[in-house]
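A.B. asks: This is the content of model03.cif (mmCIF, C-alpha atoms):
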data_work
loop_
_atom_site.label_atom_id
_atom_site.label_comp_id
_atom_site.auth_asym_id
_atom_site.auth_seq_id
_atom_site.Cartn_x
_atom_site.Cartn_y
_atom_site.Cartn_z
CA MET A 251 -38.74 -194.34 -120.52
CA LEU A 252 -41.93 -195.29 -118.75
CA ASN A 253 -44.51 -197.49 -120.48
CA GLY A 254 -42.70 -196.78 -123.74
CA LYS A 255 -42.94 -193.00 -123.29
CA LYS A 256 -39.84 -190.82 -123.62
CA ILE A 257 -39.50 -188.51 -120.61
CA VAL A 258 -37.70 -185.18 -120.84
CA VAL A 259 -37.15 -182.90 -117.84
CA VAL A 260 -36.95 -179.18 -118.59
CA MET A 261 -35.40 -176.67 -116.20
CA PRO A 262 -36.16 -172.99 -116.82
CA ALA A 263 -33.25 -171.28 -115.11
CA TYR A 264 -32.28 -167.81 -113.94
CA ASN A 265 -29.35 -167.25 -111.58
CA ALA A 266 -29.47 -170.83 -110.29
CA GLU A 267 -25.74 -171.57 -109.96
CA LYS A 268 -26.04 -172.41 -106.25
CA THR A 269 -28.85 -174.94 -106.61
CA VAL A 270 -28.79 -176.41 -110.12
CA ARG A 271 -26.43 -179.24 -109.15
CA LYS A 272 -28.53 -180.27 -106.12
CA THR A 273 -31.65 -180.30 -108.28
CA TYR A 274 -30.00 -182.29 -111.05
CA ASP A 275 -28.58 -184.88 -108.64
CA GLU A 276 -32.10 -185.84 -107.47
CA ILE A 277 -33.47 -186.50 -110.96
CA PRO A 278 -34.43 -190.21 -111.27
CA PHE A 279 -32.50 -191.16 -114.41
CA GLU A 280 -33.86 -194.70 -114.27
CA ILE A 281 -36.90 -193.25 -116.08
CA VAL A 282 -35.78 -189.80 -117.32
CA ASP A 283 -34.26 -189.89 -120.79
CA GLU A 284 -32.97 -186.34 -121.22
CA VAL A 285 -32.68 -183.04 -119.38
CA VAL A 286 -32.84 -179.58 -120.96
CA LEU A 287 -31.88 -176.39 -119.16
CA VAL A 288 -32.77 -173.00 -120.63
CA ASP A 289 -30.77 -170.16 -119.07
CA ASP A 290 -32.73 -166.92 -119.33
CA ALA A 291 -29.67 -164.63 -119.57
CA SER A 292 -28.48 -165.31 -116.02
CA ARG A 293 -25.88 -163.04 -114.45
CA ASP A 294 -24.05 -165.93 -112.80
CA ARG A 295 -22.47 -169.24 -113.87
CA THR A 296 -25.71 -171.21 -114.26
CA SER A 297 -25.11 -172.19 -117.90
CA GLU A 298 -21.43 -172.99 -117.33
CA ILE A 299 -22.24 -175.32 -114.45
CA ALA A 300 -25.05 -176.97 -116.42
CA ARG A 301 -22.71 -177.67 -119.34
CA GLU A 302 -20.05 -179.02 -116.99
CA MET A 303 -22.64 -181.56 -115.79
CA GLY A 304 -23.46 -182.55 -119.36
CA ILE A 305 -26.93 -181.00 -119.43
CA HIS A 306 -28.34 -180.02 -122.81
CA THR A 307 -28.15 -176.23 -122.29
CA ILE A 308 -29.75 -173.37 -124.21
CA VAL A 309 -28.86 -169.77 -123.35
CA HIS A 310 -31.02 -166.75 -124.10
CA THR A 311 -29.03 -163.69 -125.16
CA GLU A 312 -31.58 -161.49 -123.40
CA ASN A 313 -33.97 -162.10 -120.53
CA LEU A 314 -37.37 -163.18 -121.91
CA GLY A 315 -39.15 -163.76 -118.62
CA CYS A 316 -40.59 -166.89 -117.00
CA GLY A 317 -43.10 -167.52 -119.77
CA GLY A 318 -40.61 -166.88 -122.55
CA ASN A 319 -38.20 -169.30 -120.90
CA GLN A 320 -40.85 -172.02 -120.68
CA LYS A 321 -41.76 -171.59 -124.34
CA SER A 322 -38.12 -172.32 -125.23
CA CYS A 323 -38.10 -175.30 -122.84
CA TYR A 324 -41.15 -176.90 -124.41
CA ARG A 325 -40.01 -176.32 -127.99
CA ALA A 326 -36.68 -177.95 -127.16
CA ALA A 327 -38.30 -180.94 -125.44
CA LEU A 328 -40.66 -181.57 -128.35
CA GLY A 329 -37.70 -181.31 -130.72
CA LEU A 330 -36.01 -184.09 -128.75
CA GLY A 331 -39.04 -186.34 -129.23
CA ALA A 332 -40.47 -186.11 -125.71
CA ASP A 333 -43.74 -187.90 -124.98
CA ILE A 334 -43.90 -186.52 -121.43
CA VAL A 335 -42.32 -183.24 -120.35
CA ILE A 336 -41.74 -182.42 -116.69
CA MET A 337 -40.83 -178.90 -115.63
CA VAL A 338 -38.62 -178.66 -112.56
CA HIS A 339 -37.21 -175.30 -111.55
CA PRO A 340 -33.48 -175.67 -110.78
CA ASP A 341 -33.73 -173.55 -107.63
CA TYR A 342 -34.35 -176.73 -105.57
CA GLN A 343 -37.69 -175.51 -104.27
CA TYR A 344 -39.35 -178.66 -105.64
CA THR A 345 -37.81 -182.09 -105.27
CA PRO A 346 -37.32 -184.07 -108.52
CA ARG A 347 -38.01 -187.25 -106.53
CA LEU A 348 -41.71 -186.87 -107.41
CA ILE A 349 -41.02 -187.22 -111.13
CA PRO A 350 -41.83 -190.98 -111.29
CA ALA A 351 -45.24 -190.42 -109.66
CA MET A 352 -46.10 -187.49 -111.90
CA ALA A 353 -44.85 -189.12 -115.08
CA SER A 354 -46.64 -192.40 -114.43
CA MET A 355 -50.00 -190.65 -114.14
CA ILE A 356 -49.55 -189.47 -117.72
CA ALA A 357 -47.68 -192.48 -119.10
CA TYR A 358 -50.51 -194.85 -118.15
CA GLY A 359 -53.25 -192.58 -119.48
CA GLU A 360 -54.85 -191.40 -116.24
CA PHE A 361 -54.19 -187.69 -116.78
CA ASP A 362 -52.89 -185.32 -119.47
CA ALA A 363 -51.18 -182.94 -117.04
CA VAL A 364 -50.06 -183.32 -113.42
CA LEU A 365 -49.27 -180.62 -110.86
CA GLY A 366 -47.08 -180.87 -107.79
CA SER A 367 -49.32 -179.11 -105.27
CA ARG A 368 -47.85 -177.34 -102.25
CA ILE A 369 -51.33 -176.92 -100.76
CA LEU A 370 -52.46 -180.56 -100.61
CA GLY A 371 -51.62 -181.76 -97.13
CA ILE A 372 -50.50 -179.38 -94.37
CA GLY A 373 -46.92 -178.50 -95.26
CA ALA A 374 -47.07 -175.16 -97.11
CA LEU A 375 -46.62 -172.82 -94.15
CA GLN A 376 -44.40 -175.29 -92.33
CA GLY A 377 -42.16 -175.39 -95.40
CA GLY A 378 -41.62 -171.66 -95.19
CA MET A 379 -44.22 -170.23 -97.59
CA PRO A 380 -44.76 -166.59 -96.55
CA ARG A 381 -48.16 -166.17 -94.95
CA TYR A 382 -49.24 -163.42 -97.36
CA LYS A 383 -48.43 -165.70 -100.30
CA TYR A 384 -50.38 -168.54 -98.75
CA ILE A 385 -53.45 -166.34 -98.21
CA ALA A 386 -53.19 -164.93 -101.75
CA ASN A 387 -52.81 -168.46 -103.13
CA ARG A 388 -55.98 -169.62 -101.41
CA PHE A 389 -57.99 -166.56 -102.50
CA LEU A 390 -56.85 -166.70 -106.13
CA THR A 391 -57.43 -170.46 -106.31
CA LEU A 392 -60.98 -170.10 -104.98
CA PHE A 393 -61.69 -167.33 -107.52
CA GLU A 394 -60.28 -169.42 -110.37
CA ASN A 395 -62.14 -172.57 -109.41
CA LEU A 396 -65.38 -170.59 -109.52
CA LEU A 397 -64.75 -168.87 -112.85
CA LEU A 398 -63.01 -171.75 -114.61
CA GLY A 399 -65.58 -174.28 -113.41
CA HIS A 400 -62.84 -176.60 -112.24
CA LYS A 401 -61.44 -177.76 -108.91
CA LEU A 402 -57.73 -177.70 -108.14
CA SER A 403 -55.97 -177.27 -104.82
CA GLU A 404 -53.76 -174.57 -106.39
CA TYR A 405 -52.98 -173.02 -109.77
CA HIS A 406 -49.65 -171.47 -108.86
CA THR A 407 -47.15 -174.30 -108.47
CA GLY A 408 -44.10 -174.33 -110.71
CA TYR A 409 -43.81 -178.13 -110.69
CA ARG A 410 -45.71 -179.52 -113.68
CA ALA A 411 -45.86 -182.46 -116.07
CA PHE A 412 -47.47 -182.46 -119.52
CA SER A 413 -48.24 -184.89 -122.30
CA ARG A 414 -46.82 -184.19 -125.74
CA GLU A 415 -50.33 -183.67 -127.10
CA ILE A 416 -50.96 -180.77 -124.73
CA LEU A 417 -47.77 -178.98 -125.71
CA GLU A 418 -48.44 -179.48 -129.41
CA ARG A 419 -52.08 -178.41 -129.32
CA LEU A 420 -52.15 -175.44 -126.95
CA PRO A 421 -51.48 -172.00 -128.52
CA LEU A 422 -48.71 -171.31 -126.01
CA GLU A 423 -47.10 -168.60 -128.11
CA ALA A 424 -50.20 -166.44 -127.55
CA ASN A 425 -49.53 -166.42 -123.80
CA SER A 426 -47.56 -163.85 -121.84
CA ASN A 427 -43.78 -164.09 -121.46
CA ASP A 428 -44.12 -163.13 -117.78
CA PHE A 429 -45.07 -165.18 -114.71
CA VAL A 430 -48.79 -165.24 -115.58
CA PHE A 431 -47.89 -167.66 -118.41
CA ASP A 432 -48.23 -170.50 -115.89
CA ASN A 433 -51.78 -169.50 -115.11
CA GLN A 434 -52.77 -168.92 -118.71
CA MET A 435 -51.50 -172.38 -119.59
CA LEU A 436 -53.68 -174.06 -116.98
CA ALA A 437 -56.68 -172.09 -118.22
CA GLN A 438 -55.93 -173.37 -121.72
CA ILE A 439 -55.65 -176.97 -120.52
CA ILE A 440 -59.08 -176.71 -118.88
CA TRP A 441 -60.55 -174.87 -121.89
CA PHE A 442 -59.51 -177.65 -124.27
CA GLY A 443 -60.86 -180.36 -122.00
CA TYR A 444 -57.69 -182.04 -120.82
CA ARG A 445 -57.49 -183.86 -117.49
CA ILE A 446 -55.36 -182.43 -114.67
CA GLY A 447 -54.11 -184.52 -111.75
CA GLU A 448 -52.30 -183.38 -108.59
CA VAL A 449 -49.79 -184.88 -106.18
CA THR A 450 -48.71 -183.58 -102.80
CA CYS A 451 -45.40 -181.74 -103.03
CA PRO A 452 -43.31 -180.64 -100.04
CA THR A 453 -42.65 -176.90 -99.89
CA LYS A 454 -39.13 -175.53 -99.50
CA TYR A 455 -38.49 -171.81 -99.12
CA PHE A 456 -34.91 -170.77 -98.41
CA GLU A 457 -32.49 -167.98 -99.30
CA ASP A 458 -31.30 -169.40 -102.63
CA ALA A 459 -34.74 -170.49 -103.84
CA SER A 460 -36.18 -168.11 -106.40
CA SER A 461 -39.23 -166.10 -105.39
CA ILE A 462 -40.86 -163.02 -106.86
CA ASN A 463 -41.06 -159.93 -104.69
CA PHE A 464 -44.23 -158.36 -103.32
CA ARG A 465 -44.68 -155.89 -106.19
CA ARG A 466 -44.36 -158.58 -108.85
CA SER A 467 -46.63 -160.83 -106.79
CA VAL A 468 -49.32 -158.15 -107.01
CA VAL A 469 -48.84 -157.86 -110.78
CA TYR A 470 -49.08 -161.64 -111.05
CA GLY A 471 -52.24 -161.72 -108.93
CA LEU A 472 -53.92 -159.14 -111.14
CA GLY A 473 -52.91 -161.16 -114.18
CA VAL A 474 -54.48 -164.26 -112.64
CA LEU A 475 -57.75 -162.43 -112.04
CA LYS A 476 -57.71 -161.18 -115.63
CA THR A 477 -57.06 -164.70 -116.97
CA ALA A 478 -60.01 -166.15 -115.04
CA LEU A 479 -62.34 -163.34 -116.16
CA GLN A 480 -61.29 -163.76 -119.80
CA PHE A 481 -61.97 -167.50 -119.54
CA ARG A 482 -65.50 -166.89 -118.22
CA LEU A 483 -66.24 -164.20 -120.83
CA ASN A 484 -65.11 -166.59 -123.57
CA LYS A 485 -67.39 -169.26 -122.12
CA TRP A 486 -70.30 -166.86 -122.28
CA GLY A 487 -69.43 -165.90 -125.84
CA ILE A 488 -68.90 -162.26 -124.94
CA CYS A 489 -65.34 -162.17 -126.31
CA THR A 490 -62.83 -164.37 -128.11
CA SER A 491 -59.26 -164.56 -126.81
CA GLU A 492 -56.40 -165.61 -129.05
CA ASN A 493 -54.88 -167.88 -126.42
CA LEU A 494 -58.19 -169.78 -126.07
CA SER A 495 -58.50 -170.48 -129.79
CA ALA A 496 -57.33 -173.74 -131.36
CA LYS A 497 -54.03 -173.65 -133.23
CA LYS A 498 -54.41 -173.56 -137.01
#
Just give me the structure as structure tokens.

C.D. replies:
Amino acid sequence: MLNGKKIVVVMPAYNAEKTVRKTYDEIPFEIVDEVVLVDDASRDRTSEIAREMGIHTIVHTENLGCGGNQKSCYRAALGLGADIVIMVHPDYQYTPRLIPAMASMIAYGEFDAVLGSRILGIGALQGGMPRYKYIANRFLTLFENLLLGHKLSEYHTGYRAFSREILERLPLEANSNDFVFDNQMLAQIIWFGYRIGEVTCPTKYFEDASSINFRRSVVYGLGVLKTALQFRLNKWGICTSENLSAKK
């Protein structure tokens, strides 16, 4: 715990057998109370290895996608009584050593959500981020900052921490089950007036780290543009989107 808050780490996993142990070994258990791994129908031994390590493991019988996996992660964490939930992908692209910094920003009431930003600082390209992804990241972030009326260094990191209130209040089930879920969730957080903080996160791209291909990157980028446009149209009262409506 941290400041009396129960901290649960969730790991949405897909074919992570080569990296899940390295990721788990860096989790700071002096403050983390529980870890949940959701295996999205991997074709390798991810779930077996996770259970061997004693991780609370949930296995999807069919692949639901990145967003569908996260929905399961957050439901499980809330069911375990989490006050703060930190998502760390078990592909070892993000170091769990930043968990204390991210959790403390929520535990002591400074922010409601915290992102591990690969763009803050100068390490993104040096850490191996493909140049086309870096350029797309900067363009999409600029577009979103303009339409969402907010200012973040990036909207596309997979390293995130959330308060329990956010996960209970946001209509997450109305979001996509695909990669654009991440972006829709940030739009919701801004829409409902929650505070987002950022910390600098080193970037690690290597063979076993998960990464979507160029075609899926394009689909994701189009989804990001659509999310930002929907947000602005809702602000202007031109339309009403289900995922930007309060839960009943």

A.B. asks: How many Å separate atom CA of A:Leu370 from atom CA of A:Tyr384?

C.D. replies: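 Distance between the two atoms: 12.3 Å.
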
A.B. asks: Which value, in Å to one decimal, gives the distance between atom CA of A:Leu398 and atom CA of A:Leu479?

C.D. replies: 8.6 Å

A.B. asks: For a test of reading the model, state the distance in Å between atom CA of A:Met355 and atom CA of A:Ser413, rounded to one decimal.

C.D. replies: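 These two atoms are separated by 10.1 Å.
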
A.B. asks: Counting only C-alpha atoms, what is within 8 Å of A:Ala327, bar same-chain residues fewer than 3 positions away, as a ChimeraX atom specification?

C.D. replies: /A:258-260,286,323-324,330-332,335

A.B. asks: Considering only C-alpha atoms, state which residue in the set A:Tyr382, A:Phe412, A:Phe429, A:Phe361 is at the smallest distance from A:Ile334.

C.D. replies: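 Ranked by minimum distance to A:Ile334, first place goes to A:Phe412.
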
A.B. asks: Rank A:Gln343, A:Asn265, A:Asn493, A:Asn425 by their smallest atom-to-atom distance to A:Thr407, using all atoms listed in the file, and report the top residue only.

C.D. replies: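 That would be A:Gln343, the residue with the smallest distance to A:Thr407.
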
A.B. asks: Evaluate the PyMOL selection byres ((chain A and resi 495-497) around 8) and record the selected residues as a list in words, following the chain and residue labels used in the document.

C.D. replies: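 Here the PyMOL selection byres ((chain A and resi 495-497) around 8) matches Arg419, Leu420, Pro421, Thr490, Ser491, Glu492, Asn493, Leu494 and Lys498 of chain A.
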
A.B. asks: On this file, the PyMOL selection byres ((chain A and resi 475) around 12) gives some set of residues; write that set as a ChimeraX atom specification.

C.D. replies: /A:386-387,389-398,405,430,433-434,437,468-474,476-482

A.B. asks: Taking the file as I've supplied it (selection: the PyMOL selection byres ((chain A and resi 448-452) around 6)), which residues are included? Please answer as a PyMOL selection string.

C.D. replies: chain A and resi 364-368+370+447+453

A.B. asks: Mind dumping the selected residues with C-alpha atoms as a PDB file, in the coordinates of the input?

C.D. replies:
ATOM      1  CA  VAL A 364     -50.060-183.320-113.420  1.00  0.00           C
ATOM      2  CA  LEU A 365     -49.270-180.620-110.860  1.00  0.00           C
ATOM      3  CA  GLY A 366     -47.080-180.870-107.790  1.00  0.00           C
ATOM      4  CA  SER A 367     -49.320-179.110-105.270  1.00  0.00           C
ATOM      5  CA  ARG A 368     -47.850-177.340-102.250  1.00  0.00           C
ATOM      6  CA  LEU A 370     -52.460-180.560-100.610  1.00  0.00           C
ATOM      7  CA  GLY A 447     -54.110-184.520-111.750  1.00  0.00           C
ATOM      8  CA  THR A 453     -42.650-176.900 -99.890  1.00  0.00           C
TER       9      THR A 453
END

A.B. asks: So, counting all atoms listed in the file, which residue among A:Asn463, A:Ser297, A:Thr273, A:Ser354 is closest to A:Leu252?

C.D. replies: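 Closest candidate: A:Ser354.
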
A.B. asks: Counting only C-alpha atoms, figure out which residue out of A:Arg301, A:Arg410, A:Arg381, A:Arg325 gets nearest to A:Leu348.

C.D. replies: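 Ranking A:Arg301, A:Arg410, A:Arg381, A:Arg325 by distance to A:Leu348, first place goes to A:Arg410.
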